[in-house]
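With compact mmCIF, C-alpha atoms and all ligand atoms inside, this is protein08.txt:
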# COMPACT_ATOMS: atom_id res chain seq x y z
CA MET A 1 90.99 -61.09 110.11
CA ASN A 2 92.57 -60.99 113.57
CA ARG A 3 89.48 -59.37 115.07
CA TYR A 4 87.53 -62.62 114.62
CA ASP A 5 87.58 -65.67 116.87
CA GLN A 6 87.38 -68.83 114.76
CA GLN A 7 85.89 -71.02 117.51
CA GLU A 8 83.21 -68.48 118.35
CA LEU A 9 82.16 -68.19 114.71
CA LEU A 10 82.06 -71.98 114.26
CA ARG A 11 79.99 -72.41 117.43
CA GLY A 12 77.54 -69.77 116.22
CA LEU A 13 77.24 -71.51 112.85
CA ASP A 14 76.45 -74.83 114.53
CA GLN A 15 73.48 -73.05 116.08
CA GLY A 16 72.43 -71.51 112.76
CA ILE A 17 73.85 -68.03 113.40
CA SER A 18 75.16 -66.86 110.02
CA LEU A 19 78.26 -64.86 109.22
CA SER A 20 77.64 -61.14 109.41
CA SER A 21 76.93 -58.98 106.38
CA VAL A 22 80.39 -57.41 106.23
CA TRP A 23 81.72 -60.77 105.00
CA TYR A 24 79.68 -60.16 101.83
CA THR A 25 80.41 -56.52 101.19
CA GLY A 26 83.92 -55.58 102.21
CA ASP A 27 87.03 -55.20 100.06
CA SER A 28 89.31 -56.44 102.83
CA ILE A 29 87.42 -59.75 103.20
CA LEU A 30 87.63 -60.24 99.44
CA ASP A 31 91.38 -59.58 99.47
CA HIS A 32 91.74 -62.33 102.08
CA GLU A 33 89.51 -64.66 100.08
CA ILE A 34 91.64 -64.20 96.97
CA LEU A 35 94.78 -65.17 98.86
CA LYS A 36 93.42 -67.81 101.23
CA VAL A 37 90.51 -69.35 99.33
CA PHE A 38 91.02 -68.93 95.59
CA ARG A 39 94.83 -69.23 95.55
CA LYS A 40 94.71 -72.28 97.82
CA SER A 41 92.05 -74.37 96.07
CA TRP A 42 91.56 -76.30 92.86
CA GLN A 43 90.08 -73.97 90.25
CA TYR A 44 88.29 -75.13 87.10
CA VAL A 45 89.75 -74.02 83.77
CA GLY A 46 87.83 -76.05 81.16
CA PRO A 47 86.90 -79.44 79.71
CA ILE A 48 89.62 -81.98 78.92
CA HIS A 49 88.39 -82.45 75.34
CA GLU A 50 89.56 -78.92 74.60
CA LEU A 51 93.05 -80.15 75.52
CA ALA A 52 92.98 -83.26 73.34
CA GLU A 53 95.84 -82.45 70.92
CA VAL A 54 99.42 -81.43 71.61
CA GLY A 55 99.47 -77.63 71.57
CA ASP A 56 95.87 -77.20 72.76
CA TYR A 57 95.68 -74.62 75.52
CA ILE A 58 93.13 -72.91 77.79
CA SER A 59 93.86 -69.69 79.66
CA SER A 60 92.01 -68.52 82.75
CA TYR A 61 92.47 -66.76 86.09
CA VAL A 62 92.97 -68.30 89.52
CA GLY A 63 92.62 -65.89 92.39
CA GLU A 64 93.45 -63.15 89.83
CA ILE A 65 96.61 -64.97 88.69
CA PRO A 66 96.61 -65.39 84.90
CA VAL A 67 97.04 -69.11 84.22
CA VAL A 68 97.35 -71.32 81.14
CA VAL A 69 97.02 -75.08 80.82
CA VAL A 70 98.60 -76.68 77.76
CA ARG A 71 98.86 -80.19 76.39
CA ASN A 72 102.41 -81.19 75.48
CA GLU A 73 103.97 -84.60 74.80
CA ARG A 74 104.02 -85.38 78.52
CA GLY A 75 100.33 -84.63 79.21
CA ILE A 76 98.69 -81.49 80.55
CA GLU A 77 100.78 -78.87 82.34
CA GLY A 78 99.80 -75.62 84.01
CA PHE A 79 101.74 -72.35 84.05
CA VAL A 80 101.41 -68.84 85.35
CA ASN A 81 100.39 -67.14 82.10
CA VAL A 82 102.70 -64.18 82.65
CA CYS A 83 105.79 -63.39 80.59
CA ARG A 84 109.01 -63.35 82.64
CA HIS A 85 110.06 -60.18 80.84
CA ARG A 86 107.61 -57.35 81.52
CA ARG A 87 104.78 -59.52 82.90
CA HIS A 88 102.37 -59.20 80.00
CA GLU A 89 99.91 -62.10 79.73
CA VAL A 90 101.28 -64.62 77.23
CA MET A 91 98.32 -66.63 75.89
CA LYS A 92 94.77 -65.39 75.23
CA GLY A 93 91.53 -67.39 75.35
CA CYS A 94 91.94 -70.96 74.17
CA GLY A 95 93.12 -72.70 71.01
CA ASN A 96 96.13 -74.56 69.63
CA ALA A 97 99.68 -73.25 69.34
CA LYS A 98 103.11 -74.71 68.57
CA LEU A 99 104.79 -72.25 70.92
CA MET A 100 103.63 -69.79 73.55
CA GLN A 101 104.62 -66.34 72.35
CA CYS A 102 104.05 -63.12 74.25
CA ALA A 103 102.42 -60.46 72.05
CA TYR A 104 104.32 -57.61 73.77
CA HIS A 105 108.01 -58.24 72.81
CA ALA A 106 107.77 -61.73 71.28
CA TRP A 107 109.46 -63.63 74.06
CA THR A 108 108.68 -67.20 73.08
CA TYR A 109 108.28 -70.30 75.26
CA ASP A 110 107.90 -73.93 74.19
CA LEU A 111 104.99 -76.10 75.35
CA HIS A 112 106.98 -77.05 78.46
CA GLY A 113 107.30 -73.39 79.46
CA CYS A 114 111.03 -73.09 78.54
CA LEU A 115 112.09 -69.73 77.13
CA LYS A 116 113.28 -70.42 73.57
CA ALA A 117 113.59 -66.92 72.10
CA ALA A 118 113.95 -63.40 73.47
CA PRO A 119 114.75 -60.94 70.68
CA ARG A 120 117.91 -58.82 71.29
CA ALA A 121 118.73 -60.78 74.47
CA ASP A 122 121.82 -62.22 72.76
CA ARG A 123 123.46 -58.78 73.16
CA GLU A 124 122.86 -58.92 76.90
CA ALA A 125 126.01 -60.13 78.65
CA THR A 126 124.42 -61.73 81.70
CA PHE A 127 121.21 -63.05 80.15
CA ASN A 128 120.56 -66.78 80.51
CA PRO A 129 117.24 -67.94 78.94
CA GLY A 130 117.24 -70.95 81.29
CA ASP A 131 116.63 -68.57 84.18
CA TYR A 132 113.26 -67.47 82.79
CA PRO A 133 110.82 -70.31 82.19
CA LEU A 134 107.09 -69.75 82.68
CA LEU A 135 106.37 -70.53 86.33
CA PRO A 136 104.76 -73.94 86.82
CA LEU A 137 101.35 -74.60 88.43
CA LYS A 138 99.65 -77.85 89.37
CA ALA A 139 97.15 -79.00 86.73
CA GLU A 140 95.02 -82.14 87.07
CA ARG A 141 91.76 -83.58 85.79
CA LEU A 142 88.65 -84.87 87.52
CA GLY A 143 86.70 -86.91 84.97
CA PRO A 144 86.41 -84.58 81.97
CA PHE A 145 87.18 -81.41 83.97
CA VAL A 146 90.60 -79.74 84.19
CA PHE A 147 91.61 -77.77 87.26
CA VAL A 148 94.71 -75.89 88.37
CA ASN A 149 95.97 -75.02 91.83
CA ALA A 150 98.26 -72.09 92.63
CA ASP A 151 99.27 -73.65 95.95
CA PRO A 152 102.37 -75.85 95.50
CA ASP A 153 101.46 -77.70 98.72
CA ALA A 154 97.91 -78.60 97.63
CA LEU A 155 96.90 -82.25 97.86
CA PRO A 156 95.84 -83.99 94.63
CA LEU A 157 92.48 -83.02 93.13
CA GLU A 158 91.24 -86.60 93.67
CA HIS A 159 91.73 -86.20 97.43
CA TYR A 160 89.20 -83.38 97.55
CA PHE A 161 86.57 -84.41 95.02
CA GLY A 162 87.22 -88.02 93.91
CA THR A 163 84.01 -89.49 95.31
CA VAL A 164 81.73 -87.00 93.56
CA LEU A 165 82.24 -88.99 90.36
CA GLU A 166 80.66 -92.08 91.97
CA ILE A 167 77.63 -90.06 93.06
CA ILE A 168 77.28 -88.65 89.55
CA SER A 169 77.39 -92.07 87.91
CA ALA A 170 74.54 -93.21 90.23
CA SER A 171 72.31 -90.64 88.47
CA GLY A 172 72.44 -92.73 85.29
CA LEU A 173 74.79 -90.28 83.55
CA ASP A 174 78.03 -91.33 81.81
CA ILE A 175 80.19 -88.28 82.54
CA GLU A 176 82.92 -89.34 80.10
CA ASN A 177 80.52 -89.32 77.19
CA LEU A 178 79.40 -85.71 76.96
CA LYS A 179 79.87 -82.95 74.41
CA LEU A 180 80.17 -79.24 75.11
CA TRP A 181 77.03 -77.67 73.64
CA ARG A 182 77.26 -74.04 74.77
CA ARG A 183 79.55 -71.84 76.86
CA GLU A 184 78.60 -68.40 78.04
CA ALA A 185 79.76 -65.74 80.44
CA TRP A 186 77.31 -64.27 82.95
CA GLN A 187 77.41 -61.73 85.71
CA SER A 188 75.50 -61.04 88.87
CA GLU A 189 75.01 -58.14 91.26
CA ALA A 190 75.78 -60.20 94.35
CA ASN A 191 78.74 -61.51 96.30
CA TRP A 192 79.96 -64.94 95.16
CA LYS A 193 79.02 -66.45 98.54
CA THR A 194 75.49 -65.01 98.39
CA LEU A 195 75.00 -66.85 95.10
CA LEU A 196 76.50 -70.14 96.24
CA GLU A 197 74.55 -70.16 99.48
CA ASN A 198 71.41 -69.88 97.38
CA PHE A 199 72.68 -72.82 95.31
CA LEU A 200 73.23 -74.84 98.49
CA GLU A 201 69.64 -75.14 99.68
CA CYS A 202 66.30 -76.08 98.19
CA TYR A 203 64.23 -74.73 101.08
CA HIS A 204 63.36 -71.89 98.72
CA CYS A 205 62.43 -74.16 95.80
CA PRO A 206 58.73 -74.73 96.60
CA VAL A 207 58.33 -70.98 97.21
CA ALA A 208 60.36 -69.51 94.38
CA HIS A 209 60.72 -72.16 91.64
CA PRO A 210 57.28 -73.48 90.60
CA GLY A 211 58.52 -75.16 87.42
CA PHE A 212 61.59 -76.72 89.03
CA SER A 213 59.50 -78.00 91.94
CA ALA A 214 57.02 -79.60 89.56
CA ALA A 215 59.84 -81.54 87.88
CA ILE A 216 61.94 -82.48 90.93
CA ASP A 217 60.64 -83.85 94.21
CA VAL A 218 61.84 -81.09 96.53
CA ASP A 219 59.90 -82.31 99.58
CA GLN A 220 61.99 -82.25 102.71
CA ASP A 221 61.89 -86.01 103.29
CA SER A 222 62.97 -87.05 99.82
CA TYR A 223 65.43 -84.34 98.70
CA ARG A 224 68.84 -85.24 100.12
CA LEU A 225 71.54 -82.75 101.08
CA THR A 226 74.93 -84.18 102.06
CA ALA A 227 77.97 -82.24 103.20
CA HIS A 228 81.20 -84.04 102.34
CA GLU A 229 84.41 -82.49 103.53
CA TRP A 230 85.26 -80.54 100.37
CA PHE A 231 82.09 -80.81 98.34
CA SER A 232 78.36 -80.72 98.96
CA SER A 233 75.77 -82.75 97.12
CA GLN A 234 72.04 -82.40 96.64
CA VAL A 235 70.18 -85.32 95.10
CA GLY A 236 66.50 -85.25 94.18
CA ASN A 237 64.27 -87.63 92.29
CA VAL A 238 62.19 -86.78 89.27
CA ARG A 239 58.49 -86.48 90.14
CA GLN A 240 56.19 -89.26 88.93
CA SER A 241 53.64 -86.65 87.88
CA ALA A 242 56.29 -85.05 85.66
CA LEU A 243 57.24 -88.40 84.13
CA GLN A 244 53.58 -89.02 83.33
CA GLY A 245 53.14 -85.58 81.79
CA LYS A 246 50.62 -84.61 84.49
CA SER A 247 52.33 -81.48 85.81
CA LYS A 248 50.19 -78.41 86.28
CA VAL A 249 52.92 -76.15 84.91
CA PRO A 250 54.66 -76.49 81.53
CA LEU A 251 57.91 -78.48 81.81
CA TYR A 252 60.60 -79.86 79.58
CA ASP A 253 60.31 -83.59 78.89
CA VAL A 254 61.93 -85.18 81.96
CA ARG A 255 61.92 -88.77 80.64
CA GLY A 256 65.31 -90.37 79.93
CA VAL A 257 68.19 -92.43 81.30
CA VAL A 258 69.02 -89.82 83.95
CA HIS A 259 66.51 -90.33 86.74
CA GLN A 260 67.89 -87.95 89.36
CA ALA A 261 68.63 -84.29 89.73
CA GLN A 262 72.04 -83.63 91.26
CA TYR A 263 73.63 -80.36 92.30
CA HIS A 264 77.19 -80.39 93.58
CA LEU A 265 79.39 -77.59 94.87
CA LEU A 266 83.12 -78.35 94.75
CA TRP A 267 84.90 -76.03 97.17
CA PRO A 268 85.04 -73.17 96.76
CA ASN A 269 83.36 -72.03 93.53
CA PHE A 270 82.65 -74.77 90.99
CA THR A 271 79.22 -76.31 90.60
CA ILE A 272 77.97 -79.30 88.64
CA SER A 273 74.25 -79.57 87.85
CA ILE A 274 72.45 -82.57 86.37
CA ASN A 275 68.75 -82.67 85.57
CA PRO A 276 66.55 -85.70 84.95
CA GLY A 277 66.04 -86.62 81.32
CA PHE A 278 68.50 -87.31 78.52
CA PRO A 279 72.22 -87.16 79.35
CA ASN A 280 72.97 -83.58 80.43
CA LEU A 281 75.31 -81.76 82.75
CA SER A 282 76.15 -78.13 83.25
CA VAL A 283 78.98 -76.54 85.16
CA ASP A 284 79.42 -73.05 86.51
CA LEU A 285 82.52 -71.26 87.71
CA TRP A 286 81.62 -68.46 90.13
CA GLN A 287 84.37 -65.82 90.36
CA PRO A 288 84.27 -62.69 92.52
CA ASP A 289 84.32 -59.40 90.62
CA GLY A 290 84.60 -57.05 93.57
CA PRO A 291 82.77 -57.72 96.84
CA GLY A 292 79.29 -57.02 95.45
CA ARG A 293 79.57 -58.65 92.03
CA THR A 294 80.25 -62.06 90.55
CA LYS A 295 81.32 -63.02 87.04
CA GLY A 296 80.68 -66.53 85.93
CA ILE A 297 81.28 -69.00 83.16
CA SER A 298 78.59 -71.51 82.35
CA GLU A 299 79.09 -74.60 80.19
CA GLN A 300 76.32 -76.95 79.11
CA PHE A 301 77.14 -80.50 78.08
CA PHE A 302 74.87 -83.12 76.54
CA GLY A 303 75.18 -86.75 75.50
CA PRO A 304 76.26 -87.10 71.85
CA ASP A 305 72.81 -88.29 70.70
CA VAL A 306 70.72 -85.71 72.51
CA ASP A 307 68.29 -83.89 70.27
CA GLU A 308 68.96 -80.18 69.73
CA THR A 309 65.36 -79.20 70.50
CA TRP A 310 65.42 -81.04 73.82
CA ALA A 311 68.77 -79.43 74.70
CA GLU A 312 67.29 -76.00 74.03
CA GLU A 313 64.21 -76.83 76.13
CA LEU A 314 66.33 -77.85 79.13
CA TYR A 315 68.50 -74.78 78.64
CA GLN A 316 65.43 -72.51 78.75
CA PHE A 317 64.09 -74.38 81.81
CA ASN A 318 67.39 -73.78 83.65
CA LYS A 319 67.46 -70.18 82.47
CA THR A 320 64.08 -69.54 84.08
CA VAL A 321 65.30 -71.05 87.37
CA GLY A 322 68.42 -68.85 87.13
CA GLU A 323 66.34 -65.70 86.61
CA GLU A 324 64.17 -66.59 89.59
CA ASP A 325 67.35 -67.04 91.66
CA ASP A 326 68.81 -63.72 90.47
CA GLU A 327 65.85 -61.81 91.90
CA LEU A 328 66.34 -63.56 95.25
CA THR A 329 70.10 -63.05 95.48
CA ASN A 330 69.92 -59.41 94.29
CA SER A 331 67.47 -58.71 97.08
CA VAL A 332 69.67 -60.46 99.67
CA GLN A 333 72.76 -58.58 98.50
CA ARG A 334 71.00 -55.18 98.82
CA SER A 335 70.19 -56.04 102.44
CA LEU A 336 73.71 -57.29 103.13
CA LYS A 337 74.98 -53.97 101.82
CA ALA A 338 72.60 -52.12 104.14
CA GLY A 339 74.00 -54.26 106.96
CA ILE A 340 70.81 -54.47 109.02
CA PRO A 341 70.25 -56.96 110.56
CA ALA A 342 73.91 -57.88 110.69
CA LYS A 343 73.32 -61.63 110.96
CA GLY A 344 70.74 -64.07 109.66
CA ARG A 345 69.35 -67.30 111.12
CA LEU A 346 69.97 -70.51 109.17
CA LEU A 347 67.82 -73.62 109.63
CA THR A 348 70.23 -76.42 110.37
CA ASN A 349 67.81 -79.15 109.17
CA CYS A 350 67.60 -77.96 105.56
CA GLU A 351 70.34 -75.33 105.26
CA HIS A 352 73.21 -77.31 106.76
CA LEU A 353 75.13 -77.15 103.48
CA ILE A 354 75.26 -73.37 103.96
CA VAL A 355 76.49 -73.90 107.51
CA HIS A 356 79.17 -76.25 106.18
CA PHE A 357 80.15 -73.75 103.46
CA GLN A 358 80.40 -70.82 105.88
CA LYS A 359 82.53 -72.96 108.19
CA LEU A 360 84.96 -73.64 105.34
CA VAL A 361 85.09 -69.90 104.67
CA VAL A 362 85.81 -69.22 108.34
CA LYS A 363 88.49 -71.91 108.56
CA ALA A 364 90.18 -70.56 105.42
CA LEU A 365 90.15 -66.91 106.52
CA VAL A 366 90.43 -66.88 110.31
CA ASP A 367 93.47 -68.47 111.97
FE FE A 401 66.98 -71.35 93.56

Could you render the structure from this file as structure tokens?
Amino acid sequence: MNRYDQQELLRGLDQGISLSSVWYTGDSILDHEILKVFRKSWQYVGPIHELAEVGDYISSYVGEIPVVVVRNERGIEGFVNVCRHRRHEVMKGCGNAKLMQCAYHAWTYDLHGCLKAAPRADREATFNPGDYPLLPLKAERLGPFVFVNADPDALPLEHYFGTVLEIISASGLDIENLKLWRREAWQSEANWKTLLENFLECYHCPVAHPGFSAAIDVDQDSYRLTAHEWFSSQVGNVRQSALQGKSKVPLYDVRGVVHQAQYHLLWPNFTISINPGFPNLSVDLWQPDGPGRTKGISEQFFGPDVDETWAEELYQFNKTVGEEDDELTNSVQRSLKAGIPAKGRLLTNCEHLIVHFQKLVVKALVD
């Protein structure tokens, strides 16, 4: 990344000049992102209620590092999910286990990551099991969400995202009182940044999302976009016409204790979405799968008393918005791949969250 001048890029972004298309298409940029963005930031692994009992574990990947978070008697702890022997991944998926045993040669670790058994190692003169624990990783929670960080020097999770919880509670939602309703994997034919930049503005909403724009007041003077240092928030109010059932397009029932829509991006690739209505929240983890593809995990949560039919209605509403977005981002990614024109022009009055995001990318990648 030595060919870039950080100050020049940041100055351009302040004037709305976007990063050039090669940042969205090249293998070498992605290699840098894996090391300098994904391995240096807090990465979501799953909800805390899946780590409620001793032995509960969730495995995931952080900047391509296999990771596992486990609950033991001390709390939650994170480890590199790679056996110290031949580097096979130790735990798969999520569940509950008394010990962490590698399925390759049965090297077995306790819930603190200490190597307890290595078959045939007792015949090895110089072998000391104490030399081979699973490598530790930072693991912390933000409300009901568990994250890990592969950077031993990272500041606490709270430092980066603590205040987002206050913004969320102002929506009327009790974030601690939600149940996981559905989890699914998805994939997209666009760079992870292409997708998140689409998430970060609602300039396109009146044009491309008729249903969404009938439910949420997306007018420029009422829809608020705020760049915090490490997270960005969009807050919109439910439309009166939607509350009164007077929308011209079919909508889900927007009436309920949650009176705002909120969309947060926690740097670099975790989003939280809340829609007006009954208690609801969905999260997405956006992971690069090569420069031109993204693989994601989506989890939908609802309040414990939310009706199944309503949950399904909101899910379908969001699915429609997602399909509308896919068409947009696929088109953008094809043009980025073509590389002409090399740069775009951002509007700093309503796309400043994209400017902020691209600046974080630049600061992470260019010294
Ligand atoms: Fe959209």

_Distance filter 7 Å around ligand FE 401 (chain A), atoms: all atoms listed in the file, out as a PyMOL selection string_ = chain A and resi 198-199+202+204-205+208-209+321+324-325

*Grab the CA of Gly290 (chain A) to CA of Ile17 (chain A) distance for me, in Å with one decimal place.*
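Separation between CA of Gly290 (chain A) and CA of Ile17 (chain A): 25.1 Å.
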
_Of the listed residues A:Met1, A:Ile168, A:Leu10, A:Ala121, that which approaches Ser28 (chain A) most closely, counting only C-alpha atoms_ =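 With only C-alpha atoms as the atom set, the closest residue is A:Met1.
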
*Hey, can you check how far CA of Ser20 (chain A) sits from CA of Ile340 (chain A)?*
9.6 Å

*State, in Å with one decimal place, the distance from CA of Leu19 (chain A) to CA of Phe357 (chain A).*
10.8 Å

*In terms of the shortest atom-to-atom distance over all atoms listed in the file, which of A:Leu180, A:Leu165, A:Val22, A:Leu251 is closest to Phe212 (chain A)?*
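Of the candidates, the smallest distance to Phe212 (chain A) is held by A:Leu251.
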
*Please identify all polymer residues within 12 Å of Glu312 (chain A), counting all atoms listed in the file, omitting same-chain residues fewer than 5 positions from it, and present them as a VMD selection string.*
chain A and resid 181 to 182 252 to 253 280 300 to 302 306 to 307 317 to 319

*Tell me, as a ChimeraX atom specification, which residues lie within 8 Å of Asn330 (chain A), counting all atoms listed in the file; anything in the same chain fewer than 5 positions away does not count.*
/A:188-190

*asked:* I need the residue nearest Val332 (chain A) from this list: A:Gln6, A:Thr126, A:Gln15, A:Ser21. Use all atoms listed in the file for the distance.
replied: A:Ser21

Compile the contact shell of Asp305 (chain A) as a short mmCIF file (atom, residue, chain, number, x, y, z; two decimals) with C-alpha atoms, in the frame of the given file: residues with an atom at most 10 Å away, counting only C-alpha atoms, same-chain residues fewer than 5 positions apart removed.
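The resulting around11.cif:
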data_model
loop_
_atom_site.label_atom_id
_atom_site.label_comp_id
_atom_site.auth_asym_id
_atom_site.auth_seq_id
_atom_site.Cartn_x
_atom_site.Cartn_y
_atom_site.Cartn_z
CA LEU A 178 79.40 -85.71 76.96
CA LYS A 179 79.87 -82.95 74.41
CA PHE A 278 68.50 -87.31 78.52
CA PRO A 279 72.22 -87.16 79.35
#

Fill-in result for region 300-325 of chain A, N, CA and C atoms as an mmCIF file, in the frame of the given file:
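New file result_36.cif:
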data_model
loop_
_atom_site.group_PDB
_atom_site.id
_atom_site.type_symbol
_atom_site.label_atom_id
_atom_site.label_comp_id
_atom_site.auth_asym_id
_atom_site.auth_seq_id
_atom_site.Cartn_x
_atom_site.Cartn_y
_atom_site.Cartn_z
ATOM 1 N N GLN A 300 77.325 -75.889 79.164
ATOM 2 C CA GLN A 300 76.320 -76.950 79.110
ATOM 3 C C GLN A 300 76.851 -78.101 78.247
ATOM 4 N N PHE A 301 76.724 -79.301 78.799
ATOM 5 C CA PHE A 301 77.140 -80.500 78.080
ATOM 6 C C PHE A 301 75.921 -81.411 77.894
ATOM 7 N N PHE A 302 75.924 -82.127 76.774
ATOM 8 C CA PHE A 302 74.870 -83.120 76.540
ATOM 9 C C PHE A 302 75.495 -84.392 75.986
ATOM 10 N N GLY A 303 74.762 -85.504 76.138
ATOM 11 C CA GLY A 303 75.180 -86.750 75.500
ATOM 12 C C GLY A 303 75.230 -86.548 73.989
ATOM 13 N N PRO A 304 76.057 -87.330 73.281
ATOM 14 C CA PRO A 304 76.260 -87.100 71.850
ATOM 15 C C PRO A 304 75.005 -87.269 71.004
ATOM 16 N N ASP A 305 74.012 -88.035 71.511
ATOM 17 C CA ASP A 305 72.810 -88.290 70.700
ATOM 18 C C ASP A 305 71.621 -87.430 71.107
ATOM 19 N N VAL A 306 71.858 -86.501 72.025
ATOM 20 C CA VAL A 306 70.720 -85.710 72.510
ATOM 21 C C VAL A 306 70.248 -84.733 71.430
ATOM 22 N N ASP A 307 68.948 -84.726 71.269
ATOM 23 C CA ASP A 307 68.290 -83.890 70.270
ATOM 24 C C ASP A 307 68.444 -82.399 70.595
ATOM 25 N N GLU A 308 68.717 -81.615 69.569
ATOM 26 C CA GLU A 308 68.960 -80.180 69.730
ATOM 27 C C GLU A 308 67.766 -79.456 70.369
ATOM 28 N N THR A 309 66.566 -79.850 69.973
ATOM 29 C CA THR A 309 65.360 -79.200 70.500
ATOM 30 C C THR A 309 65.220 -79.463 71.988
ATOM 31 N N TRP A 310 65.509 -80.698 72.397
ATOM 32 C CA TRP A 310 65.420 -81.040 73.820
ATOM 33 C C TRP A 310 66.480 -80.256 74.601
ATOM 34 N N ALA A 311 67.684 -80.181 74.042
ATOM 35 C CA ALA A 311 68.770 -79.430 74.700
ATOM 36 C C ALA A 311 68.335 -77.983 74.935
ATOM 37 N N GLU A 312 67.734 -77.390 73.931
ATOM 38 C CA GLU A 312 67.290 -76.000 74.030
ATOM 39 C C GLU A 312 66.182 -75.857 75.083
ATOM 40 N N GLU A 313 65.291 -76.853 75.129
ATOM 41 C CA GLU A 313 64.210 -76.830 76.130
ATOM 42 C C GLU A 313 64.764 -76.862 77.559
ATOM 43 N N LEU A 314 65.736 -77.752 77.783
ATOM 44 C CA LEU A 314 66.330 -77.850 79.130
ATOM 45 C C LEU A 314 67.088 -76.557 79.462
ATOM 46 N N TYR A 315 67.768 -76.021 78.445
ATOM 47 C CA TYR A 315 68.500 -74.780 78.640
ATOM 48 C C TYR A 315 67.550 -73.658 79.072
ATOM 49 N N GLN A 316 66.403 -73.562 78.412
ATOM 50 C CA GLN A 316 65.430 -72.510 78.750
ATOM 51 C C GLN A 316 64.833 -72.752 80.148
ATOM 52 N N PHE A 317 64.602 -74.014 80.483
ATOM 53 C CA PHE A 317 64.090 -74.380 81.810
ATOM 54 C C PHE A 317 65.076 -73.890 82.883
ATOM 55 N N ASN A 318 66.365 -74.201 82.678
ATOM 56 C CA ASN A 318 67.390 -73.780 83.650
ATOM 57 C C ASN A 318 67.533 -72.264 83.699
ATOM 58 N N LYS A 319 67.340 -71.637 82.544
ATOM 59 C CA LYS A 319 67.460 -70.180 82.470
ATOM 60 C C LYS A 319 66.365 -69.514 83.329
ATOM 61 N N THR A 320 65.178 -70.065 83.261
ATOM 62 C CA THR A 320 64.080 -69.540 84.080
ATOM 63 C C THR A 320 64.417 -69.669 85.568
ATOM 64 N N VAL A 321 64.920 -70.853 85.964
ATOM 65 C CA VAL A 321 65.300 -71.050 87.370
ATOM 66 C C VAL A 321 66.375 -70.028 87.755
ATOM 67 N N GLY A 322 67.336 -69.810 86.867
ATOM 68 C CA GLY A 322 68.420 -68.850 87.130
ATOM 69 C C GLY A 322 67.889 -67.429 87.309
ATOM 70 N N GLU A 323 66.918 -67.045 86.487
ATOM 71 C CA GLU A 323 66.340 -65.700 86.610
ATOM 72 C C GLU A 323 65.579 -65.548 87.920
ATOM 73 N N GLU A 324 64.886 -66.618 88.296
ATOM 74 C CA GLU A 324 64.170 -66.590 89.590
ATOM 75 C C GLU A 324 65.185 -66.439 90.738
ATOM 76 N N ASP A 325 66.315 -67.154 90.628
ATOM 77 C CA ASP A 325 67.350 -67.040 91.660
ATOM 78 C C ASP A 325 67.977 -65.648 91.696
#
